[in-house]
Amino acid sequence: MSRFNSDKVMPRYFAIAVVFTFIGFAVVGKAMYIMTAKKDYWTQVASRLKRDSVSVKPTRGNILSCDGQLMAGSIPEYKVYMDFQAGITDSTSTHQRDSIWAEKIDTICYELNQIFPSRSAAEFKSHLLEGKRKVMKNGTVGARHWAIWPRRVDYNTFCEIRKLPIFKEPIYKGGFHWEEYNARRRPFGSLAQRTVGDMFGAKDSAKYGLELSYDSILRGTNGLMHRRKVLSKYLDIPVLSPIDGADIVTTIDVGMQDLAERALVDELKLINGEMGVAILMEVKTGDVKAIVNMQKAADGEYYEMVNNAISHRCEPGSVFKTASFLVALDDGVIDTTMTINTGCGVMEMHGRAMKDHNWRRGGYGTISVPRALEVSSNIGVSWIIDKYYGSNPTKYVQGLYRVGIHEDLKLPLVGYHPPYIRMPDTKTTDRAKYWSKTTLPWMSIGYETQIAPINTVAFYNAIANNGKMMQPRFVKQLVKDGQVIKEFEPVVLKEQIAKPKAIKTMQTILEHVVSQGLGRKAGSKSFKVAGKTGTAQIADQYGSYHSGTTRYWLSFAGFFPADDPRYTCIVCIKKSGLPASGGGMSGVVFHHIAEGVMAQNLKLSVADARDSTSVFKPTVKLGNNAAAEYVLTDLNIKEKPQLQQEKTSGHTIPNLTGMGARDAVYALEKRGVRAIIKGRGKVKSQSLYAGTEVKQGMKCELYLE
């Protein structure tokens with residue numbers, strides 16, 4: 001092997017290194033030259049580049065009521081812009097375009113002022129000229145994406161703008177262009193707003209409610225559009241068509257929702273309530289027909305701000321006593337013949353005084369188990385539960401879990417909080433979880449627990465449904481192009497929350513609460529109502545019930561008609577200070593909702609409304625015989641009465657007594673006499689006597705009663 005000769009090799013390596021060094025300096029130098037001296041040129045080249053494909057947004061699906069009425073739908077909205085460099089290819093074109101703008105700008109600004117009256121024509125002119133004279137970074141004059149109006153406009157306004165001079169030209173020539181958005185509109189305004197949901201308009205993303213929960217279904221799938229430049233024009237070539245979102249059919253009934261909302265707001269205004277919730281559910285299916293969430297705003301009005309019906313967990317108060325007694329009935333430790341000595345209305349429970357609401361009036365004395373629930377006796381309920389479960393509170397809490405008051409409903413709405421009913425734990429140091437001897441008695445009457453209204457109404461619905469607990473259903477179907485693509489069947493959460501005998505007994509007791517107990521104001525003279533009142537004090541942030549003004553959580557939960565339950569309803573109201581009554585306030589709202597719902601469900605024939613003594617053939621008075629003939633024909637009255645003809649001539653005032661206002665006016669104006677109406681009803685007298693000769697400009701006063 002020949003010896004390595006470094007004298008020959010090293011100069012070669014050195015020469016190669018020098019060459020690569022010079023090449024590196026050349027590359028860096030060229031890059032610096034492009035970044036500085038050639039910056040404007042390459043910036044202009046970049047500005048001419050267009051994306052070869054763009055995303056195409058689909059139309060968002062609609063949200064419909066149970067009977068197909070539109071509750072939320074998408075309509076197009078536009079942001080409009082002007083490209084002041086469109087169509088300019090040389091200096092001659094620039095001059096021509098400037099001449100066109102100078103000639104048309106006053107007309108354009110005048111028309112824009114007619115479309116947008118809040119901005120004057122002079123302001124529009126100043127704004128457009130500012131965009132036309134703007135110097136871009138590449139040295140060209142004229143903005144390429146100048147907003148004509150700062151906000152989105154609807155389709156009709158957009159069409160009006162497109163008709164203006166220059167704006168009506170093709171995009172590449174006139175420069176007018178736009179961005180299209182899918183705007184969300186609710187024809188019924190704020191009705192069920194927190195449940196239906198809303199959108200972030202600028203981001204085209206869902207905020208809350210069904211809009212958020214079913215966003216992927218409503219949104220659809222984006223399409224793809226290929227853009228190709230042909231003869232200085234860009235053609236849009238569809239590559240992949242967008243797939244529009246599906247519609248969702250909710251269980252909400254617009255009429256019932258409106259009824260429940262008006263009833264709740266009226267009561268909140270009357271008692272100066274802070275917040276109110278109302279939920280109406282169909283017994284057999286669990287369909288939520290109405291869900292109202294009203295909260296008092298700074299302006300004193302009530303709006304849907306938070307979906308408290310599903311998210312506001314609180315101590316439910318006396319409506320919880322039904323669950324306590326149902327556990328005891330189901331376990332067989334009590335029956336309806338048992339009596340309880342409530343004394344004078346005050347009883348010591350493990351060192352703490354338990355009081356009935358009428359303790360100042362001497363209490364209820366000895367009462368039966370059903371009567372304890374009818375009058376909502378705290379002592380009656382807590383004494384029973386403490387007596388039979390005090391030595392084993394775990395069995396009681398397990399019973400609450402069994403009867404469904406603790407059930408996680410797995411609602412499709414974001415923000416739902418399952419109930420919190422804690423198991424006994426005497427070893428924990430956490431004050432909120434610590435189980436003392438007084439925990440069980442107070443838990444039995446609705447304290448020491450956290451339950452949202454939706455869980456309470458689902459529990460009462462199970463009692464109305466003979467023990468079968470249904471999941472509250474908000475969406476029934478998914479619909480695409482008029483075809484049902486998915487059906488959401490009713491979901492049974494528990495086949496039987498308690499023994500049939502216990503359920504039947506509780507149904508009877510709840511009916512008596514309304515017919516002969518504290519829930520009378522929730523009842524109806526037309527049908528039977530069953531339910532339970534609730535009035536609970538609300539603890540402050542430190543867990544105290546006695547600091548400052550006392551606040552109350554008032555509720556009434558029940559179902560109707562009690563003998564054949566069709567609907568379950570809960571009404572909850574939060575207010576400060578006395579008076580405070582679950583039966584007298586929430587129960588009143590329940591009454592109005594129940595009465596209104598049952599009235600809407602009446603299916604009567606017109607024939608049923610006819611009095612047997614009424615005259616089938618109507619009397620037709622003098623007047624417009626053509627109108628009378630039309631009405632009689634439309635009513636399908638074959639034996640038409642003889643239509644009387646006017647006996648007075650066309651040159652004298654007729655006798656108008658007994659006529660309706662419309663016929664009387666017709667008879668006068670037919671003769672050229674001006675009629676002046678005073679009062680309502682039929683003509684009792686007239687200022688111009690019958691037979692008076694008609695003269696030009698005459699006026700006749702008609703007195704109606």
# chains A, B, ... in the order shown; residues from 1 in each chain; ligands from 1
>>> select_by_dssp(residues="range 386-539 of chain A", states="helix (DSSP H, G or I)", output="PyMOL selection string")
chain A and resi 386-389+393-402+439-444+453-464+500-516+520-522
>>> residues_around(residues="range 188-198 of chain A", least_positions_apart="2", cutoff="8 Å", atoms="only C-alpha atoms", output="PyMOL selection string")
chain A and resi 63+71-72+184+186+200+206-212+257-258+261+290-293+303-307+413
>>> residues_around(residues="Ala328 in chain A", least_positions_apart="3", cutoff="10 Å", atoms="only C-alpha atoms", output="number ranges by chain")
A: 323-325, 331-335, 384-385, 388-389, 396, 399-400, 502
>>> write_last_selection(atoms="N, CA and C atoms", output="CSV table (one decimal), in the first residue's frame")
chain,number,residue,atom,x,y,z
A,323,ALA,N,-90.5,11.4,48.4
A,323,ALA,CA,-89.5,10.3,48.2
A,323,ALA,C,-89.2,9.6,49.5
A,324,SER,N,-89.2,10.4,50.6
A,324,SER,CA,-88.9,9.7,51.9
A,324,SER,C,-90.0,8.8,52.3
A,325,PHE,N,-91.3,9.2,52.1
A,325,PHE,CA,-92.4,8.3,52.4
A,325,PHE,C,-92.5,7.2,51.5
A,331,ASP,N,-90.6,-0.2,51.7
A,331,ASP,CA,-90.0,-1.1,52.6
A,331,ASP,C,-91.0,-1.7,53.6
A,332,GLY,N,-92.2,-1.2,53.6
A,332,GLY,CA,-93.3,-1.8,54.4
A,332,GLY,C,-93.2,-1.5,55.9
A,333,VAL,N,-92.4,-0.4,56.2
A,333,VAL,CA,-92.3,0.0,57.6
A,333,VAL,C,-93.5,0.8,58.1
A,334,ILE,N,-94.2,1.4,57.2
A,334,ILE,CA,-95.4,2.2,57.5
A,334,ILE,C,-96.5,1.8,56.6
A,335,ASP,N,-97.7,2.2,57.0
A,335,ASP,CA,-98.9,2.1,56.2
A,335,ASP,C,-99.8,3.3,56.5
A,384,ILE,N,-90.9,9.6,61.4
A,384,ILE,CA,-91.0,8.3,60.8
A,384,ILE,C,-89.6,7.8,60.3
A,385,ILE,N,-88.9,8.7,59.6
A,385,ILE,CA,-87.6,8.2,59.0
A,385,ILE,C,-86.6,8.0,60.1
A,388,TYR,N,-87.4,4.6,62.0
A,388,TYR,CA,-87.2,3.3,61.3
A,388,TYR,C,-85.8,3.2,60.6
A,389,TYR,N,-85.1,4.3,60.4
A,389,TYR,CA,-83.8,4.2,59.7
A,389,TYR,C,-82.7,4.9,60.5
A,396,TYR,N,-81.8,3.8,54.3
A,396,TYR,CA,-82.6,4.9,53.8
A,396,TYR,C,-82.1,5.5,52.5
A,399,GLY,N,-82.5,3.4,49.7
A,399,GLY,CA,-83.9,3.4,49.3
A,399,GLY,C,-84.1,4.6,48.4
A,400,LEU,N,-83.5,5.8,48.7
A,400,LEU,CA,-83.7,7.0,47.8
A,400,LEU,C,-83.1,6.7,46.5
A,502,ALA,N,-97.2,0.4,46.8
A,502,ALA,CA,-96.6,1.7,47.3
A,502,ALA,C,-96.9,2.8,46.4
>>> select_by_dssp(residues="range 193-345 of chain A", states="strand (DSSP E or B)", output="number ranges by chain")
A: 198-200, 205-208, 221, 223-230, 233-240, 243, 247-250, 275-282, 287-296, 302-303, 314, 339-341
>>> write_last_selection(atoms="N, CA and C atoms", output="compact mmCIF listing (two decimals), in the first residue's frame")
# COMPACT_ATOMS: atom_id res chain seq x y z
N ASP A 198 -78.07 28.80 21.16
CA ASP A 198 -77.69 29.97 20.38
C ASP A 198 -76.32 29.74 19.76
N MET A 199 -75.92 30.68 18.90
CA MET A 199 -74.65 30.56 18.17
C MET A 199 -73.77 31.78 18.40
N PHE A 200 -72.45 31.57 18.33
CA PHE A 200 -71.51 32.68 18.20
C PHE A 200 -71.50 33.06 16.73
N SER A 205 -70.11 29.09 15.55
CA SER A 205 -70.01 27.93 16.43
C SER A 205 -71.10 28.03 17.50
N ALA A 206 -71.50 26.88 18.01
CA ALA A 206 -72.62 26.82 18.95
C ALA A 206 -72.19 27.27 20.35
N LYS A 207 -73.13 27.94 21.04
CA LYS A 207 -72.87 28.42 22.41
C LYS A 207 -73.34 27.40 23.45
N TYR A 208 -74.63 27.03 23.39
CA TYR A 208 -75.22 26.21 24.43
C TYR A 208 -76.50 25.58 23.92
N THR A 221 -71.40 18.80 6.59
CA THR A 221 -70.02 18.56 6.15
C THR A 221 -69.62 19.58 5.09
N GLY A 223 -67.92 21.35 1.89
CA GLY A 223 -67.61 20.94 0.53
C GLY A 223 -66.29 21.56 0.08
N LEU A 224 -65.91 21.31 -1.19
CA LEU A 224 -64.65 21.82 -1.72
C LEU A 224 -64.88 22.39 -3.11
N MET A 225 -64.35 23.60 -3.33
CA MET A 225 -64.48 24.28 -4.62
C MET A 225 -63.09 24.55 -5.18
N HIS A 226 -62.85 24.11 -6.41
CA HIS A 226 -61.55 24.34 -7.07
C HIS A 226 -61.63 25.63 -7.87
N ARG A 227 -60.58 26.46 -7.73
CA ARG A 227 -60.56 27.75 -8.44
C ARG A 227 -59.48 27.68 -9.53
N ARG A 228 -59.91 27.94 -10.76
CA ARG A 228 -58.98 27.87 -11.89
C ARG A 228 -59.02 29.19 -12.66
N LYS A 229 -57.82 29.69 -13.02
CA LYS A 229 -57.73 30.95 -13.74
C LYS A 229 -57.77 30.69 -15.25
N VAL A 230 -58.77 31.29 -15.90
CA VAL A 230 -58.94 31.16 -17.34
C VAL A 230 -59.14 32.55 -17.93
N LYS A 233 -59.65 35.41 -15.59
CA LYS A 233 -60.82 35.25 -14.73
C LYS A 233 -60.68 33.95 -13.94
N TYR A 234 -61.26 33.96 -12.74
CA TYR A 234 -61.24 32.77 -11.90
C TYR A 234 -62.60 32.08 -11.97
N LEU A 235 -62.56 30.82 -12.35
CA LEU A 235 -63.78 30.03 -12.42
C LEU A 235 -63.84 29.09 -11.22
N ASP A 236 -65.01 29.00 -10.59
CA ASP A 236 -65.20 28.10 -9.47
C ASP A 236 -65.74 26.78 -9.98
N ILE A 237 -64.99 25.72 -9.76
CA ILE A 237 -65.36 24.39 -10.24
C ILE A 237 -65.63 23.50 -9.03
N PRO A 238 -66.89 23.06 -8.82
CA PRO A 238 -67.20 22.21 -7.66
C PRO A 238 -66.43 20.89 -7.73
N VAL A 239 -65.76 20.56 -6.63
CA VAL A 239 -65.05 19.30 -6.52
C VAL A 239 -65.83 18.34 -5.62
N LEU A 240 -66.27 18.89 -4.47
CA LEU A 240 -67.02 18.09 -3.52
C LEU A 240 -68.16 18.95 -2.97
N ILE A 243 -72.47 18.89 2.32
CA ILE A 243 -73.62 18.13 2.80
C ILE A 243 -74.28 18.93 3.90
N ASP A 247 -82.04 18.36 10.16
CA ASP A 247 -82.94 19.06 11.08
C ASP A 247 -83.20 18.17 12.29
N ILE A 248 -83.40 18.78 13.45
CA ILE A 248 -83.79 18.01 14.62
C ILE A 248 -85.20 18.44 15.05
N VAL A 249 -86.03 17.46 15.31
CA VAL A 249 -87.40 17.71 15.77
C VAL A 249 -87.41 17.52 17.28
N THR A 250 -87.68 18.58 18.00
CA THR A 250 -87.68 18.53 19.46
C THR A 250 -89.04 18.07 19.98
N MET A 275 -85.97 34.35 40.56
CA MET A 275 -85.74 33.35 39.53
C MET A 275 -86.92 32.39 39.50
N GLY A 276 -87.19 31.81 38.34
CA GLY A 276 -88.28 30.86 38.24
C GLY A 276 -87.99 29.77 37.22
N VAL A 277 -88.47 28.58 37.50
CA VAL A 277 -88.30 27.43 36.61
C VAL A 277 -89.64 26.72 36.47
N ALA A 278 -89.96 26.29 35.27
CA ALA A 278 -91.15 25.46 35.04
C ALA A 278 -90.81 24.40 34.00
N ILE A 279 -91.17 23.16 34.31
CA ILE A 279 -90.94 22.05 33.38
C ILE A 279 -92.25 21.28 33.24
N LEU A 280 -92.64 21.04 32.01
CA LEU A 280 -93.84 20.25 31.72
C LEU A 280 -93.43 19.02 30.93
N MET A 281 -93.79 17.84 31.45
CA MET A 281 -93.34 16.58 30.85
C MET A 281 -94.54 15.68 30.56
N GLU A 282 -94.47 14.98 29.45
CA GLU A 282 -95.51 14.01 29.09
C GLU A 282 -95.25 12.71 29.84
N ASP A 287 -91.45 13.04 27.26
CA ASP A 287 -91.20 14.20 26.39
C ASP A 287 -91.34 15.50 27.17
N VAL A 288 -90.34 16.35 27.07
CA VAL A 288 -90.38 17.66 27.71
C VAL A 288 -91.12 18.61 26.77
N LYS A 289 -92.36 18.94 27.12
CA LYS A 289 -93.20 19.77 26.26
C LYS A 289 -92.93 21.26 26.47
N ALA A 290 -92.45 21.63 27.65
CA ALA A 290 -92.12 23.02 27.93
C ALA A 290 -91.06 23.05 29.02
N ILE A 291 -90.11 23.97 28.88
CA ILE A 291 -89.07 24.15 29.90
C ILE A 291 -88.71 25.63 29.94
N VAL A 292 -89.01 26.26 31.06
CA VAL A 292 -88.87 27.72 31.19
C VAL A 292 -87.82 28.03 32.25
N ASN A 293 -86.93 28.95 31.95
CA ASN A 293 -85.89 29.39 32.88
C ASN A 293 -85.85 30.91 32.90
N MET A 294 -86.48 31.52 33.89
CA MET A 294 -86.55 32.97 33.96
C MET A 294 -85.73 33.51 35.13
N GLN A 295 -84.99 34.58 34.85
CA GLN A 295 -84.16 35.20 35.87
C GLN A 295 -84.28 36.71 35.76
N LYS A 296 -84.34 37.37 36.90
CA LYS A 296 -84.51 38.82 36.91
C LYS A 296 -83.21 39.50 36.54
N TYR A 302 -87.53 39.95 33.12
CA TYR A 302 -87.13 38.54 33.26
C TYR A 302 -86.73 37.97 31.91
N TYR A 303 -85.57 37.31 31.90
CA TYR A 303 -85.03 36.73 30.67
C TYR A 303 -84.49 35.32 30.94
N CYS A 314 -80.08 22.32 44.26
CA CYS A 314 -80.32 22.99 45.54
C CYS A 314 -81.08 22.04 46.46
N THR A 339 -100.46 6.30 62.88
CA THR A 339 -100.59 7.69 63.34
C THR A 339 -99.28 8.18 63.93
N ILE A 340 -99.13 9.51 63.92
CA ILE A 340 -97.91 10.14 64.42
C ILE A 340 -98.32 11.27 65.36
N ASN A 341 -97.69 11.34 66.50
CA ASN A 341 -97.96 12.42 67.45
C ASN A 341 -96.97 13.55 67.20
>>> atom_distance(atom1="CA of Trp178 in chain A", atom2="CA of Pro58 in chain A")
17.0 Å
>>> closest_residue(among="A:Ile570, A:Leu70, A:Leu128, A:Ala353", to="Ile105 in chain A", atoms="only C-alpha atoms")
A:Leu128
>>> residues_around(residues="Ala122 in chain A", least_positions_apart="2", cutoff="9 Å", atoms="only C-alpha atoms", output="number ranges by chain")
A: 106, 109-110, 113, 119-120, 124-127
>>> write_last_selection(atoms="all heavy atoms", output="mmCIF file, in the first residue's frame")
data_model
loop_
_atom_site.group_PDB
_atom_site.id
_atom_site.type_symbol
_atom_site.label_atom_id
_atom_site.label_comp_id
_atom_site.auth_asym_id
_atom_site.auth_seq_id
_atom_site.Cartn_x
_atom_site.Cartn_y
_atom_site.Cartn_z
ATOM 1 N N ASP A 106 -71.776 59.759 -6.506
ATOM 2 C CA ASP A 106 -72.856 60.467 -5.806
ATOM 3 C C ASP A 106 -74.144 59.650 -5.816
ATOM 4 O O ASP A 106 -74.867 59.588 -4.809
ATOM 5 C CB ASP A 106 -73.091 61.838 -6.456
ATOM 6 C CG ASP A 106 -71.964 62.816 -6.159
ATOM 7 O OD1 ASP A 106 -71.310 62.642 -5.106
ATOM 8 O OD2 ASP A 106 -71.721 63.721 -6.966
ATOM 9 N N CYS A 109 -73.705 56.690 -3.365
ATOM 10 C CA CYS A 109 -73.784 57.097 -1.958
ATOM 11 C C CYS A 109 -75.206 57.487 -1.564
ATOM 12 O O CYS A 109 -75.637 57.228 -0.435
ATOM 13 C CB CYS A 109 -72.820 58.252 -1.688
ATOM 14 S SG CYS A 109 -71.090 57.765 -1.867
ATOM 15 N N TYR A 110 -75.947 58.098 -2.486
ATOM 16 C CA TYR A 110 -77.342 58.437 -2.205
ATOM 17 C C TYR A 110 -78.161 57.163 -1.984
ATOM 18 O O TYR A 110 -78.956 57.065 -1.038
ATOM 19 C CB TYR A 110 -77.938 59.253 -3.358
ATOM 20 C CG TYR A 110 -79.434 59.453 -3.228
ATOM 21 C CD1 TYR A 110 -79.949 60.417 -2.359
ATOM 22 C CD2 TYR A 110 -80.321 58.662 -3.956
ATOM 23 C CE1 TYR A 110 -81.318 60.587 -2.218
ATOM 24 C CE2 TYR A 110 -81.692 58.825 -3.832
ATOM 25 C CZ TYR A 110 -82.192 59.792 -2.957
ATOM 26 O OH TYR A 110 -83.552 59.958 -2.820
ATOM 27 N N ASN A 113 -77.358 55.519 1.277
ATOM 28 C CA ASN A 113 -78.020 56.228 2.373
ATOM 29 C C ASN A 113 -79.482 55.803 2.492
ATOM 30 O O ASN A 113 -80.021 55.714 3.605
ATOM 31 C CB ASN A 113 -77.920 57.731 2.148
ATOM 32 C CG ASN A 113 -78.857 58.524 3.049
ATOM 33 O OD1 ASN A 113 -79.836 59.099 2.587
ATOM 34 N ND2 ASN A 113 -78.571 58.530 4.339
ATOM 35 N N ARG A 119 -76.395 56.335 8.212
ATOM 36 C CA ARG A 119 -75.178 56.986 7.699
ATOM 37 C C ARG A 119 -75.567 57.849 6.502
ATOM 38 O O ARG A 119 -76.238 57.382 5.586
ATOM 39 C CB ARG A 119 -74.129 55.951 7.309
ATOM 40 C CG ARG A 119 -72.837 56.547 6.797
ATOM 41 C CD ARG A 119 -71.798 55.489 6.454
ATOM 42 N NE ARG A 119 -71.259 54.835 7.636
ATOM 43 C CZ ARG A 119 -70.295 53.916 7.599
ATOM 44 N NH1 ARG A 119 -69.788 53.550 6.411
ATOM 45 N NH2 ARG A 119 -69.846 53.368 8.709
ATOM 46 N N SER A 120 -75.130 59.096 6.508
ATOM 47 C CA SER A 120 -75.499 60.026 5.440
ATOM 48 C C SER A 120 -74.761 59.705 4.153
ATOM 49 O O SER A 120 -73.746 58.989 4.152
ATOM 50 C CB SER A 120 -75.184 61.466 5.863
ATOM 51 O OG SER A 120 -73.786 61.646 5.981
ATOM 52 N N PHE A 124 -70.910 58.213 3.473
ATOM 53 C CA PHE A 124 -70.605 57.100 2.575
ATOM 54 C C PHE A 124 -69.568 57.510 1.539
ATOM 55 O O PHE A 124 -68.632 56.758 1.237
ATOM 56 C CB PHE A 124 -71.877 56.603 1.882
ATOM 57 C CG PHE A 124 -72.605 55.540 2.643
ATOM 58 C CD1 PHE A 124 -73.870 55.769 3.155
ATOM 59 C CD2 PHE A 124 -72.022 54.295 2.853
ATOM 60 C CE1 PHE A 124 -74.549 54.793 3.865
ATOM 61 C CE2 PHE A 124 -72.705 53.310 3.561
ATOM 62 C CZ PHE A 124 -73.964 53.557 4.065
ATOM 63 N N LYS A 125 -69.709 58.721 1.001
ATOM 64 C CA LYS A 125 -68.774 59.191 -0.018
ATOM 65 C C LYS A 125 -67.375 59.321 0.551
ATOM 66 O O LYS A 125 -66.380 58.899 -0.075
ATOM 67 C CB LYS A 125 -69.250 60.542 -0.576
ATOM 68 C CG LYS A 125 -68.391 61.051 -1.740
ATOM 69 C CD LYS A 125 -69.010 62.306 -2.349
ATOM 70 C CE LYS A 125 -68.188 62.774 -3.557
ATOM 71 N NZ LYS A 125 -68.786 63.970 -4.186
ATOM 72 N N SER A 126 -67.266 59.896 1.734
ATOM 73 C CA SER A 126 -65.964 60.037 2.380
ATOM 74 C C SER A 126 -65.339 58.672 2.640
ATOM 75 O O SER A 126 -64.135 58.471 2.442
ATOM 76 C CB SER A 126 -66.128 60.807 3.692
ATOM 77 O OG SER A 126 -64.925 60.850 4.400
ATOM 78 N N HIS A 127 -66.166 57.725 3.072
ATOM 79 C CA HIS A 127 -65.676 56.382 3.386
ATOM 80 C C HIS A 127 -65.184 55.660 2.124
ATOM 81 O O HIS A 127 -64.106 55.040 2.129
ATOM 82 C CB HIS A 127 -66.805 55.588 4.042
ATOM 83 C CG HIS A 127 -66.454 54.159 4.340
ATOM 84 N ND1 HIS A 127 -65.521 53.796 5.275
ATOM 85 C CD2 HIS A 127 -66.921 52.986 3.792
ATOM 86 C CE1 HIS A 127 -65.415 52.478 5.318
ATOM 87 N NE2 HIS A 127 -66.257 51.962 4.427
#
>>> closest_residue(among="A:Gly681, A:Gly467, A:Gly519, A:Gly343", to="Gly587 in chain A", atoms="only C-alpha atoms")
A:Gly519
